[in-house]
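Enquirer: I'm passing along upload31.pdb; it holds PDB, C-alpha atoms.
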```pdb
MODEL        1
ATOM      1  CA  GLU R   1      27.296  42.967 -56.411
ATOM      2  CA  PRO R   2      24.313  43.252 -58.766
ATOM      3  CA  ALA R   3      21.090  41.694 -57.557
ATOM      4  CA  LYS R   4      20.758  38.109 -58.684
ATOM      5  CA  GLU R   5      17.942  37.215 -61.040
ATOM      6  CA  TYR R   6      15.700  34.407 -59.848
ATOM      7  CA  PRO R   7      13.135  32.740 -62.110
ATOM      8  CA  LYS R   8       9.694  34.079 -61.249
ATOM      9  CA  SER R   9       6.832  31.895 -60.083
ATOM     10  CA  ASP R  10       3.495  32.189 -58.314
ATOM     11  CA  ARG R  11       4.892  30.440 -55.233
ATOM     12  CA  PRO R  12       8.658  30.733 -54.969
ATOM     13  CA  LYS R  13      10.377  27.581 -53.783
ATOM     14  CA  VAL R  14      13.018  28.031 -51.100
ATOM     15  CA  LEU R  15      15.316  25.125 -50.277
ATOM     16  CA  MET R  16      17.682  25.468 -47.340
ATOM     17  CA  PHE R  17      20.524  22.965 -46.922
ATOM     18  CA  VAL R  18      22.349  23.119 -43.574
ATOM     19  CA  MET R  19      24.090  20.974 -40.986
ATOM     20  CA  SER R  20      22.336  21.333 -37.646
ATOM     21  CA  PHE R  21      25.543  22.313 -35.818
ATOM     22  CA  CYS R  22      27.348  24.293 -38.494
ATOM     23  CA  PRO R  23      27.609  27.852 -37.104
ATOM     24  CA  PHE R  24      27.190  29.304 -40.611
ATOM     25  CA  GLY R  25      24.154  27.121 -41.218
ATOM     26  CA  GLN R  26      22.664  28.265 -37.923
ATOM     27  CA  GLN R  27      23.363  31.860 -38.924
ATOM     28  CA  ALA R  28      21.454  31.339 -42.162
ATOM     29  CA  GLU R  29      18.546  29.769 -40.238
ATOM     30  CA  LYS R  30      18.448  32.793 -37.953
ATOM     31  CA  GLY R  31      18.259  35.095 -40.978
ATOM     32  CA  LEU R  32      15.789  32.999 -42.943
ATOM     33  CA  LYS R  33      13.302  32.380 -40.142
ATOM     34  CA  PRO R  34      11.732  35.888 -40.117
ATOM     35  CA  ALA R  35      11.537  35.967 -43.931
ATOM     36  CA  VAL R  36       9.986  32.508 -44.207
ATOM     37  CA  GLU R  37       7.533  33.222 -41.384
ATOM     38  CA  LEU R  38       6.566  36.576 -42.920
ATOM     39  CA  LEU R  39       5.789  35.001 -46.297
ATOM     40  CA  GLY R  40       4.116  31.969 -44.747
ATOM     41  CA  ASP R  41       2.111  29.791 -47.115
ATOM     42  CA  LYS R  42       2.782  32.116 -50.050
ATOM     43  CA  ILE R  43       6.075  30.298 -50.569
ATOM     44  CA  ASP R  44       7.146  26.658 -50.548
ATOM     45  CA  PHE R  45       9.921  26.385 -47.994
ATOM     46  CA  GLU R  46      11.759  23.131 -47.289
ATOM     47  CA  PRO R  47      14.611  22.487 -44.863
ATOM     48  CA  HIS R  48      17.235  20.001 -45.979
ATOM     49  CA  TYR R  49      20.535  18.752 -44.619
ATOM     50  CA  VAL R  50      24.042  18.395 -45.997
ATOM     51  CA  ILE R  51      24.837  14.684 -46.023
ATOM     52  CA  TYR R  52      28.296  13.296 -46.676
ATOM     53  CA  SER R  53      29.392   9.746 -47.312
ATOM     54  CA  GLY R  54      32.375   7.499 -46.795
ATOM     55  CA  LYS R  55      33.896   8.649 -50.073
ATOM     56  CA  TYR R  56      34.886  11.836 -48.227
ATOM     57  CA  GLY R  57      36.653   9.744 -45.605
ATOM     58  CA  TYR R  58      33.826   9.677 -43.061
ATOM     59  CA  THR R  59      33.490   6.475 -41.054
ATOM     60  CA  TYR R  60      30.942   4.461 -39.066
ATOM     61  CA  PRO R  61      30.063   4.815 -36.207
ATOM     62  CA  ASP R  62      31.662   8.186 -35.389
ATOM     63  CA  TYR R  63      30.284  10.093 -38.381
ATOM     64  CA  CYS R  64      27.869   7.775 -40.164
ATOM     65  CA  ILE R  65      24.596   6.150 -39.149
ATOM     66  CA  ASP R  66      25.041   3.078 -41.370
ATOM     67  CA  GLU R  67      27.934   0.634 -41.658
ATOM     68  CA  ASN R  68      28.195   1.297 -45.403
ATOM     69  CA  ALA R  69      28.897   4.954 -44.584
ATOM     70  CA  ASN R  70      26.316   6.292 -47.026
ATOM     71  CA  TYR R  71      24.883   8.803 -44.554
ATOM     72  CA  CYS R  72      27.380  10.839 -42.576
ATOM     73  CA  SER R  73      27.759  14.354 -41.207
ATOM     74  CA  MET R  74      30.805  16.610 -40.957
ATOM     75  CA  HIS R  75      30.575  17.243 -37.214
ATOM     76  CA  GLY R  76      29.863  13.649 -36.254
ATOM     77  CA  ILE R  77      27.061  11.207 -35.620
ATOM     78  CA  ALA R  78      25.303  13.379 -33.009
ATOM     79  CA  GLU R  79      24.832  16.070 -35.668
ATOM     80  CA  LEU R  80      23.479  13.541 -38.153
ATOM     81  CA  ARG R  81      20.995  12.234 -35.598
ATOM     82  CA  GLU R  82      19.829  15.784 -34.927
ATOM     83  CA  ASP R  83      19.441  16.373 -38.681
ATOM     84  CA  VAL R  84      17.133  13.349 -38.779
ATOM     85  CA  ARG R  85      15.096  14.561 -35.797
ATOM     86  CA  GLN R  86      14.649  17.938 -37.473
ATOM     87  CA  LEU R  87      13.482  16.188 -40.647
ATOM     88  CA  CYS R  88      11.009  14.238 -38.513
ATOM     89  CA  ILE R  89       9.762  17.439 -36.896
ATOM     90  CA  TRP R  90       9.340  19.013 -40.331
ATOM     91  CA  LYS R  91       7.429  15.959 -41.554
ATOM     92  CA  TYR R  92       5.079  15.502 -38.601
ATOM     93  CA  GLU R  93       4.907  18.872 -36.826
ATOM     94  CA  PRO R  94       5.949  21.424 -39.460
ATOM     95  CA  ASP R  95       4.460  24.381 -37.594
ATOM     96  CA  LYS R  96       6.812  23.615 -34.682
ATOM     97  CA  PHE R  97       9.912  23.409 -36.879
ATOM     98  CA  TRP R  98      11.071  27.025 -36.616
ATOM     99  CA  PRO R  99      10.307  27.451 -32.896
ATOM    100  CA  TYR R 100      12.304  24.275 -32.232
ATOM    101  CA  VAL R 101      15.246  25.103 -34.498
ATOM    102  CA  GLU R 102      15.439  28.552 -32.907
ATOM    103  CA  LYS R 103      16.085  26.854 -29.548
ATOM    104  CA  ILE R 104      18.956  24.935 -31.141
ATOM    105  CA  TYR R 105      20.651  27.860 -32.881
ATOM    106  CA  GLN R 106      20.225  29.997 -29.770
ATOM    107  CA  GLY R 107      22.608  27.533 -28.140
ATOM    108  CA  ASN R 108      20.248  25.761 -25.733
ATOM    109  CA  CYS R 109      21.974  22.477 -26.654
ATOM    110  CA  ASN R 110      25.407  21.542 -27.954
ATOM    111  CA  LEU R 111      26.855  18.599 -29.853
ATOM    112  CA  ASN R 112      27.863  16.844 -26.641
ATOM    113  CA  ASN R 113      24.386  16.815 -25.120
ATOM    114  CA  ILE R 114      22.006  17.125 -28.067
ATOM    115  CA  ASP R 115      20.951  13.462 -27.962
ATOM    116  CA  THR R 116      19.202  14.099 -24.646
ATOM    117  CA  CYS R 117      18.912  17.902 -24.598
ATOM    118  CA  TRP R 118      16.662  18.031 -27.693
ATOM    119  CA  LYS R 119      13.728  16.541 -25.773
ATOM    120  CA  GLU R 120      13.416  19.457 -23.396
ATOM    121  CA  GLN R 121      13.557  21.935 -26.297
ATOM    122  CA  ALA R 122      10.965  19.932 -28.224
ATOM    123  CA  GLU R 123       8.622  19.731 -25.249
ATOM    124  CA  ALA R 124       9.007  23.473 -24.632
ATOM    125  CA  VAL R 125       7.487  24.188 -28.051
ATOM    126  CA  GLY R 126       4.798  21.498 -27.773
ATOM    127  CA  ILE R 127       6.313  18.764 -29.929
ATOM    128  CA  ASP R 128       5.233  15.155 -29.354
ATOM    129  CA  VAL R 129       8.639  13.678 -28.458
ATOM    130  CA  ALA R 130       7.469  10.048 -28.711
ATOM    131  CA  LYS R 131       6.255  10.694 -32.265
ATOM    132  CA  ILE R 132       9.645  12.122 -33.269
ATOM    133  CA  GLU R 133      11.482   9.194 -31.667
ATOM    134  CA  GLU R 134       9.228   6.769 -33.515
ATOM    135  CA  CYS R 135       9.969   8.567 -36.783
ATOM    136  CA  PHE R 136      13.699   8.460 -36.015
ATOM    137  CA  ASN R 137      13.609   4.732 -35.273
ATOM    138  CA  ASN R 138      11.536   3.785 -38.310
ATOM    139  CA  GLU R 139      12.325   6.352 -40.975
ATOM    140  CA  ALA R 140      15.888   7.630 -40.490
ATOM    141  CA  ILE R 141      17.410   5.778 -43.434
ATOM    142  CA  ALA R 142      14.523   6.555 -45.797
ATOM    143  CA  LEU R 143      14.685  10.249 -44.884
ATOM    144  CA  LEU R 144      18.468  10.350 -45.292
ATOM    145  CA  GLU R 145      18.297   8.564 -48.619
ATOM    146  CA  LYS R 146      16.015  11.323 -49.911
ATOM    147  CA  GLU R 147      18.365  13.983 -48.528
ATOM    148  CA  ALA R 148      21.393  12.399 -50.188
ATOM    149  CA  GLU R 149      19.527  12.328 -53.519
ATOM    150  CA  LEU R 150      18.687  16.028 -53.222
ATOM    151  CA  ASN R 151      22.271  16.896 -52.276
ATOM    152  CA  GLU R 152      23.343  15.099 -55.427
ATOM    153  CA  LYS R 153      20.672  16.697 -57.614
ATOM    154  CA  TYR R 154      21.536  20.232 -56.511
ATOM    155  CA  GLY R 155      25.282  19.710 -56.208
ATOM    156  CA  VAL R 156      25.270  20.743 -52.562
ATOM    157  CA  ARG R 157      28.692  20.644 -50.918
ATOM    158  CA  GLY R 158      28.458  22.915 -47.898
ATOM    159  CA  SER R 159      26.290  24.439 -45.179
ATOM    160  CA  PRO R 160      24.446  26.697 -45.742
ATOM    161  CA  THR R 161      23.392  26.366 -49.361
ATOM    162  CA  ILE R 162      20.089  28.018 -50.228
ATOM    163  CA  PHE R 163      18.134  27.911 -53.469
ATOM    164  CA  ILE R 164      15.330  30.212 -54.568
ATOM    165  CA  ASN R 165      13.449  28.699 -57.502
ATOM    166  CA  ASP R 166      16.461  26.430 -58.008
ATOM    167  CA  VAL R 167      18.980  29.285 -58.289
ATOM    168  CA  GLU R 168      21.606  29.407 -55.559
ATOM    169  CA  TYR R 169      21.391  32.372 -53.194
ATOM    170  CA  SER R 170      24.606  34.312 -52.612
ATOM    171  CA  GLY R 171      23.576  37.442 -50.696
ATOM    172  CA  ASN R 172      24.196  38.184 -47.054
ATOM    173  CA  ARG R 173      22.331  36.412 -44.277
ATOM    174  CA  SER R 174      20.085  39.110 -42.866
ATOM    175  CA  PRO R 175      16.298  38.623 -42.757
ATOM    176  CA  GLU R 176      15.826  41.629 -45.072
ATOM    177  CA  SER R 177      18.278  40.285 -47.680
ATOM    178  CA  PHE R 178      16.585  36.894 -47.708
ATOM    179  CA  LYS R 179      13.154  38.537 -47.902
ATOM    180  CA  LYS R 180      14.149  40.768 -50.844
ATOM    181  CA  ALA R 181      15.632  37.858 -52.768
ATOM    182  CA  ILE R 182      12.603  35.618 -52.220
ATOM    183  CA  CYS R 183      10.216  38.476 -53.023
ATOM    184  CA  SER R 184      12.035  39.104 -56.312
ATOM    185  CA  ALA R 185      11.073  35.564 -57.344
ATOM    186  CA  PHE R 186       7.305  36.184 -57.244
ATOM    187  CA  LYS R 187       5.431  36.896 -60.466
ATOM    188  CA  GLU R 188       3.371  39.249 -58.330
ATOM    189  CA  ALA R 189       4.860  40.060 -54.954
ATOM    190  CA  PRO R 190       2.365  39.910 -52.067
ATOM    191  CA  GLU R 191       1.968  42.894 -49.752
ATOM    192  CA  GLU R 192       4.101  41.165 -47.095
ATOM    193  CA  CYS R 193       7.088  41.953 -49.315
ATOM    194  CA  SER R 194       6.819  45.640 -48.468
ATOM    195  CA  GLU R 195       7.380  44.922 -44.782
ATOM    196  CA  GLU R 196      10.892  45.843 -43.666
ATOM    197  CA  LEU R 197      12.812  43.175 -41.755
ATOM    198  CA  SER R 198      16.078  43.449 -39.846
ATOM    199  CA  SER R 199      19.183  44.077 -41.924
ATOM    200  CA  GLU R 200      21.448  42.811 -39.195
ATOM    201  CA  THR R 201      23.527  39.800 -39.945
ATOM    202  CA  GLY R 202      26.517  38.029 -38.561
ATOM    203  CA  ALA R 203      29.463  37.647 -40.904
ATOM    204  CA  GLY R 204      27.815  37.366 -44.304
ATOM    205  CA  SER R 205      29.905  34.532 -45.629
ATOM    206  CA  GLY R 206      31.519  31.332 -44.509
ATOM    207  CA  GLN R 207      30.488  27.733 -44.914
ATOM    208  CA  CYS R 208      31.013  24.394 -43.234
TER     209      CYS R 208
ENDMDL
END
```
Could you express the structure from this file as structure tokens?

Expert:
Amino acid sequence: EPAKEYPKSDRPKVLMFVMSFCPFGQQAEKGLKPAVELLGDKIDFEPHYVIYSGKYGYTYPDYCIDENANYCSMHGIAELREDVRQLCIWKYEPDKFWPYVEKIYQGNCNLNNIDTCWKEQAEAVGIDVAKIEECFNNEAIALLEKEAELNEKYGVRGSPTIFINDVEYSGNRSPESFKKAICSAFKEAPEECSEELSSETGAGSGQC
């Protein structure tokens, strides 16, 4: 397919919407991580999460964190709680976000044990677990409200959904493909863009 045109900017904005335990979302994270780390502070990267509500038939307490079923996740409440913890990590310890998420997509935890297993992964990369728990206890609903608004604004329906300068990405999920697409959105591409990344990817399509 022809290369997609992304609007050009000085600092491309990359928004990633996933569900923490969607295998396709994890695959996209695995591909994006080297590209985002390579480009560093030359881009604005933000992780976001795909939030469903009761109107899709999701119910409290198995899928939703609130009794009104405004904030729910496809694979259940444990996934939603992990989405919130990852948002907390991004907010308070952003430099630890990718090292932590890598532990999750490498399969160090699963949906059945994530509510306890996350702590060990967080500690392994130097995250202040108490700080993340405090954020979870005090800010979960506020963080999810913001996520739901963004899902609505961008019309996000599945995981992964990735936007580069507000245009949806549709290429494959290798680090090199992500890098090329993001680099095409610079007014002037930095020298990092000439670095070759891995072209290996899992299955290039599929969504939760």

Enquirer: For each of R:Lys103, R:Arg11, R:Lys119, R:Arg157, take the minimum atom-to-atom distance to Tyr52 (chain R), counting only C-alpha atoms, then give the residue where this is smallest.

Expert: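 So, comparing all the options, the nearest one is R:Arg157.
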
Enquirer: By how many Å are CA of Gly107 (chain R) and CA of Lys180 (chain R) apart?

Expert: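 Rounded to one decimal, the two atoms are 27.6 Å apart.
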
Enquirer: Record the distance separating CA of Glu200 (chain R) and CA of Asn172 (chain R), expressed in Å with one decimal.

Expert: 9.5 Å

Enquirer: Taking all atoms listed in the file into account, which of R:Ala140, R:Ile89, R:Val14, R:Ala78 comes nearest Cys117 (chain R)?

Expert: R:Ala78

Enquirer: Find the spatial neighbours of Ile162 (chain R), counting only C-alpha atoms, within a cut-off of 10 Å - ignore same-chain residues fewer than 4 positions away - and output them as a list in words.

Expert: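 Non-adjacent residues within range: Val14, Leu15, Met16, Phe17, Val18, Gly25, Ala28, Leu32, Pro47, His48, Val156, Asp166, Val167, Glu168, Tyr169, Ser170 and Phe178 of chain R.
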
Enquirer: Can those selected residues be exported to a file as a JSON list (two decimals), in the frame of the given file so that it contains C-alpha atoms?

Expert:
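Generated output (part.json):
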```json
[["chain", "number", "residue", "atom", "x", "y", "z"],
["R", 14, "VAL", "CA", 13.02, 28.03, -51.10],
["R", 15, "LEU", "CA", 15.32, 25.12, -50.28],
["R", 16, "MET", "CA", 17.68, 25.47, -47.34],
["R", 17, "PHE", "CA", 20.52, 22.96, -46.92],
["R", 18, "VAL", "CA", 22.35, 23.12, -43.57],
["R", 25, "GLY", "CA", 24.15, 27.12, -41.22],
["R", 28, "ALA", "CA", 21.45, 31.34, -42.16],
["R", 32, "LEU", "CA", 15.79, 33.00, -42.94],
["R", 47, "PRO", "CA", 14.61, 22.49, -44.86],
["R", 48, "HIS", "CA", 17.24, 20.00, -45.98],
["R", 156, "VAL", "CA", 25.27, 20.74, -52.56],
["R", 166, "ASP", "CA", 16.46, 26.43, -58.01],
["R", 167, "VAL", "CA", 18.98, 29.28, -58.29],
["R", 168, "GLU", "CA", 21.61, 29.41, -55.56],
["R", 169, "TYR", "CA", 21.39, 32.37, -53.19],
["R", 170, "SER", "CA", 24.61, 34.31, -52.61],
["R", 178, "PHE", "CA", 16.58, 36.89, -47.71]]
```

Enquirer: Per residue of region 42-151 of chain R within 12 Å of region 184-187 of chain R, note the shortest atom pair and the distance in Å to one decimal, counting only C-alpha atoms, and order the rows by chain and increasing residue number, as JSON lines.

Expert:
```
{"residue": "R:Lys42", "atom": "CA", "partner": "R:Phe186", "partner_atom": "CA", "distance": 9.4}
{"residue": "R:Ile43", "atom": "CA", "partner": "R:Phe186", "partner_atom": "CA", "distance": 9.0}
{"residue": "R:Asp44", "atom": "CA", "partner": "R:Phe186", "partner_atom": "CA", "distance": 11.6}
```

Enquirer: Can you tell me, as a PyMOL selection string, which residues sit within 10 Å of (29.0, 20.5, -49.5) in the file's frame, using only C-alpha atoms?

Expert: chain R and resi 17-19+49-52+74+151-152+155-161+207-208

Enquirer: Would you write out, as number ranges by chain, every residue that the PyMOL selection byres ((chain R and resi 129-134) around 8) captures in this file?

Expert: R: 85, 88-89, 92, 119, 122-123, 127-128, 135-138

Enquirer: In Å to one decimal, how far is CA of Asp115 (chain R) from CA of Lys146 (chain R)?

Expert: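 Computing it gives 22.6 Å between the two atoms.
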
Enquirer: List the residues matched by the PyMOL selection byres ((chain R and resi 57) around 12) in the displayed structure as a count of residues only, ordered by chain and then by residue number.

Expert: 18

Enquirer: Take the PyMOL selection byres ((chain R and resi 7) around 8), apply it to the structure above, and return the hits as a tab-separated table (two decimals) with C-alpha atoms, keeping the file's coordinate frame.

Expert:
```tsv
chain	number	residue	atom	x	y	z
R	5	GLU	CA	17.94	37.22	-61.04
R	6	TYR	CA	15.70	34.41	-59.85
R	8	LYS	CA	9.69	34.08	-61.25
R	9	SER	CA	6.83	31.90	-60.08
R	165	ASN	CA	13.45	28.70	-57.50
R	167	VAL	CA	18.98	29.28	-58.29
R	185	ALA	CA	11.07	35.56	-57.34
```

Enquirer: Would you mind listing what lies within 12 Å of Gly40 (chain R) as a ChimeraX atom specification, with all atoms listed in the file counted and same-chain residues fewer than 4 positions away left out?

Expert: /R:11-14,32-36,44-46,94-95,98,179,182,190,192-193

Enquirer: Centre and edge lengths of an axis-aligned box around all listed atoms of region 12-20 of chain R, with 5 Å added on each side, are to be given in Å to one decimal, as JSON.

Expert:
```
{"center_x": 16.4, "center_y": 25.9, "center_z": -46.3, "size_x": 25.4, "size_y": 19.8, "size_z": 27.3}
```

Enquirer: Which of these, R:Glu93, R:Ala181, R:Asp83, R:Gln106, has the shortest distance to Phe163 (chain R) once you count all atoms listed in the file?

Expert: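 Distance minimum relative to Phe163 (chain R) lands on R:Ala181.
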
Enquirer: May I ask you to restore N, CA and C atoms in region 71-102 of chain R and write the result as a PDB file, in the coordinates of the input?

Expert:
```pdb
ATOM      1  N   TYR R  71      25.537   7.640 -45.149  1.00  0.00           N
ATOM      2  CA  TYR R  71      24.883   8.803 -44.554  1.00  0.00           C
ATOM      3  C   TYR R  71      25.689   9.283 -43.353  1.00  0.00           C
ATOM      4  N   CYS R  72      26.437  10.355 -43.572  1.00  0.00           N
ATOM      5  CA  CYS R  72      27.380  10.839 -42.576  1.00  0.00           C
ATOM      6  C   CYS R  72      27.266  12.357 -42.467  1.00  0.00           C
ATOM      7  N   SER R  73      27.770  12.903 -41.353  1.00  0.00           N
ATOM      8  CA  SER R  73      27.759  14.354 -41.207  1.00  0.00           C
ATOM      9  C   SER R  73      29.120  14.849 -40.748  1.00  0.00           C
ATOM     10  N   MET R  74      29.477  16.053 -41.180  1.00  0.00           N
ATOM     11  CA  MET R  74      30.805  16.610 -40.957  1.00  0.00           C
ATOM     12  C   MET R  74      31.203  16.678 -39.485  1.00  0.00           C
ATOM     13  N   HIS R  75      30.243  17.032 -38.623  1.00  0.00           N
ATOM     14  CA  HIS R  75      30.575  17.243 -37.214  1.00  0.00           C
ATOM     15  C   HIS R  75      30.257  16.024 -36.346  1.00  0.00           C
ATOM     16  N   GLY R  76      30.026  14.880 -37.011  1.00  0.00           N
ATOM     17  CA  GLY R  76      29.863  13.649 -36.254  1.00  0.00           C
ATOM     18  C   GLY R  76      28.434  13.124 -36.195  1.00  0.00           C
ATOM     19  N   ILE R  77      28.321  11.948 -35.622  1.00  0.00           N
ATOM     20  CA  ILE R  77      27.061  11.207 -35.620  1.00  0.00           C
ATOM     21  C   ILE R  77      25.962  11.938 -34.835  1.00  0.00           C
ATOM     22  N   ALA R  78      26.330  12.669 -33.784  1.00  0.00           N
ATOM     23  CA  ALA R  78      25.303  13.379 -33.009  1.00  0.00           C
ATOM     24  C   ALA R  78      24.629  14.446 -33.874  1.00  0.00           C
ATOM     25  N   GLU R  79      25.407  15.080 -34.753  1.00  0.00           N
ATOM     26  CA  GLU R  79      24.832  16.070 -35.668  1.00  0.00           C
ATOM     27  C   GLU R  79      23.893  15.388 -36.660  1.00  0.00           C
ATOM     28  N   LEU R  80      24.319  14.250 -37.183  1.00  0.00           N
ATOM     29  CA  LEU R  80      23.479  13.541 -38.153  1.00  0.00           C
ATOM     30  C   LEU R  80      22.158  13.123 -37.513  1.00  0.00           C
ATOM     31  N   ARG R  81      22.228  12.637 -36.281  1.00  0.00           N
ATOM     32  CA  ARG R  81      20.995  12.234 -35.598  1.00  0.00           C
ATOM     33  C   ARG R  81      20.066  13.441 -35.407  1.00  0.00           C
ATOM     34  N   GLU R  82      20.648  14.583 -35.088  1.00  0.00           N
ATOM     35  CA  GLU R  82      19.829  15.784 -34.927  1.00  0.00           C
ATOM     36  C   GLU R  82      19.226  16.220 -36.269  1.00  0.00           C
ATOM     37  N   ASP R  83      19.992  16.073 -37.353  1.00  0.00           N
ATOM     38  CA  ASP R  83      19.441  16.373 -38.681  1.00  0.00           C
ATOM     39  C   ASP R  83      18.190  15.524 -38.926  1.00  0.00           C
ATOM     40  N   VAL R  84      18.278  14.249 -38.575  1.00  0.00           N
ATOM     41  CA  VAL R  84      17.133  13.349 -38.779  1.00  0.00           C
ATOM     42  C   VAL R  84      15.950  13.781 -37.918  1.00  0.00           C
ATOM     43  N   ARG R  85      16.210  14.115 -36.657  1.00  0.00           N
ATOM     44  CA  ARG R  85      15.096  14.561 -35.797  1.00  0.00           C
ATOM     45  C   ARG R  85      14.432  15.803 -36.372  1.00  0.00           C
ATOM     46  N   GLN R  86      15.233  16.730 -36.891  1.00  0.00           N
ATOM     47  CA  GLN R  86      14.649  17.938 -37.473  1.00  0.00           C
ATOM     48  C   GLN R  86      13.826  17.603 -38.717  1.00  0.00           C
ATOM     49  N   LEU R  87      14.278  16.644 -39.497  1.00  0.00           N
ATOM     50  CA  LEU R  87      13.482  16.188 -40.647  1.00  0.00           C
ATOM     51  C   LEU R  87      12.164  15.577 -40.171  1.00  0.00           C
ATOM     52  N   CYS R  88      12.221  14.839 -39.081  1.00  0.00           N
ATOM     53  CA  CYS R  88      11.009  14.238 -38.513  1.00  0.00           C
ATOM     54  C   CYS R  88      10.053  15.319 -38.014  1.00  0.00           C
ATOM     55  N   ILE R  89      10.599  16.337 -37.374  1.00  0.00           N
ATOM     56  CA  ILE R  89       9.762  17.439 -36.896  1.00  0.00           C
ATOM     57  C   ILE R  89       9.113  18.142 -38.085  1.00  0.00           C
ATOM     58  N   TRP R  90       9.887  18.368 -39.136  1.00  0.00           N
ATOM     59  CA  TRP R  90       9.340  19.013 -40.331  1.00  0.00           C
ATOM     60  C   TRP R  90       8.226  18.164 -40.955  1.00  0.00           C
ATOM     61  N   LYS R  91       8.412  16.852 -40.935  1.00  0.00           N
ATOM     62  CA  LYS R  91       7.429  15.959 -41.554  1.00  0.00           C
ATOM     63  C   LYS R  91       6.140  15.878 -40.745  1.00  0.00           C
ATOM     64  N   TYR R  92       6.260  15.778 -39.417  1.00  0.00           N
ATOM     65  CA  TYR R  92       5.079  15.502 -38.601  1.00  0.00           C
ATOM     66  C   TYR R  92       4.527  16.714 -37.834  1.00  0.00           C
ATOM     67  N   GLU R  93       5.388  17.688 -37.552  1.00  0.00           N
ATOM     68  CA  GLU R  93       4.907  18.872 -36.826  1.00  0.00           C
ATOM     69  C   GLU R  93       5.527  20.129 -37.442  1.00  0.00           C
ATOM     70  N   PRO R  94       5.245  20.356 -38.739  1.00  0.00           N
ATOM     71  CA  PRO R  94       5.949  21.424 -39.460  1.00  0.00           C
ATOM     72  C   PRO R  94       5.798  22.808 -38.837  1.00  0.00           C
ATOM     73  N   ASP R  95       4.649  23.054 -38.204  1.00  0.00           N
ATOM     74  CA  ASP R  95       4.460  24.381 -37.594  1.00  0.00           C
ATOM     75  C   ASP R  95       5.342  24.591 -36.366  1.00  0.00           C
ATOM     76  N   LYS R  96       5.925  23.509 -35.844  1.00  0.00           N
ATOM     77  CA  LYS R  96       6.812  23.615 -34.682  1.00  0.00           C
ATOM     78  C   LYS R  96       8.289  23.644 -35.100  1.00  0.00           C
ATOM     79  N   PHE R  97       8.525  23.511 -36.403  1.00  0.00           N
ATOM     80  CA  PHE R  97       9.912  23.409 -36.879  1.00  0.00           C
ATOM     81  C   PHE R  97      10.744  24.639 -36.502  1.00  0.00           C
ATOM     82  N   TRP R  98      10.272  25.819 -36.889  1.00  0.00           N
ATOM     83  CA  TRP R  98      11.071  27.025 -36.616  1.00  0.00           C
ATOM     84  C   TRP R  98      11.208  27.321 -35.127  1.00  0.00           C
ATOM     85  N   PRO R  99      10.136  27.224 -34.330  1.00  0.00           N
ATOM     86  CA  PRO R  99      10.307  27.451 -32.896  1.00  0.00           C
ATOM     87  C   PRO R  99      11.338  26.503 -32.275  1.00  0.00           C
ATOM     88  N   TYR R 100      11.342  25.252 -32.750  1.00  0.00           N
ATOM     89  CA  TYR R 100      12.304  24.275 -32.232  1.00  0.00           C
ATOM     90  C   TYR R 100      13.729  24.618 -32.672  1.00  0.00           C
ATOM     91  N   VAL R 101      13.903  24.837 -33.975  1.00  0.00           N
ATOM     92  CA  VAL R 101      15.246  25.103 -34.498  1.00  0.00           C
ATOM     93  C   VAL R 101      15.839  26.365 -33.860  1.00  0.00           C
ATOM     94  N   GLU R 102      14.977  27.333 -33.573  1.00  0.00           N
ATOM     95  CA  GLU R 102      15.439  28.552 -32.907  1.00  0.00           C
ATOM     96  C   GLU R 102      16.086  28.214 -31.559  1.00  0.00           C
TER      97      GLU R 102
END
```
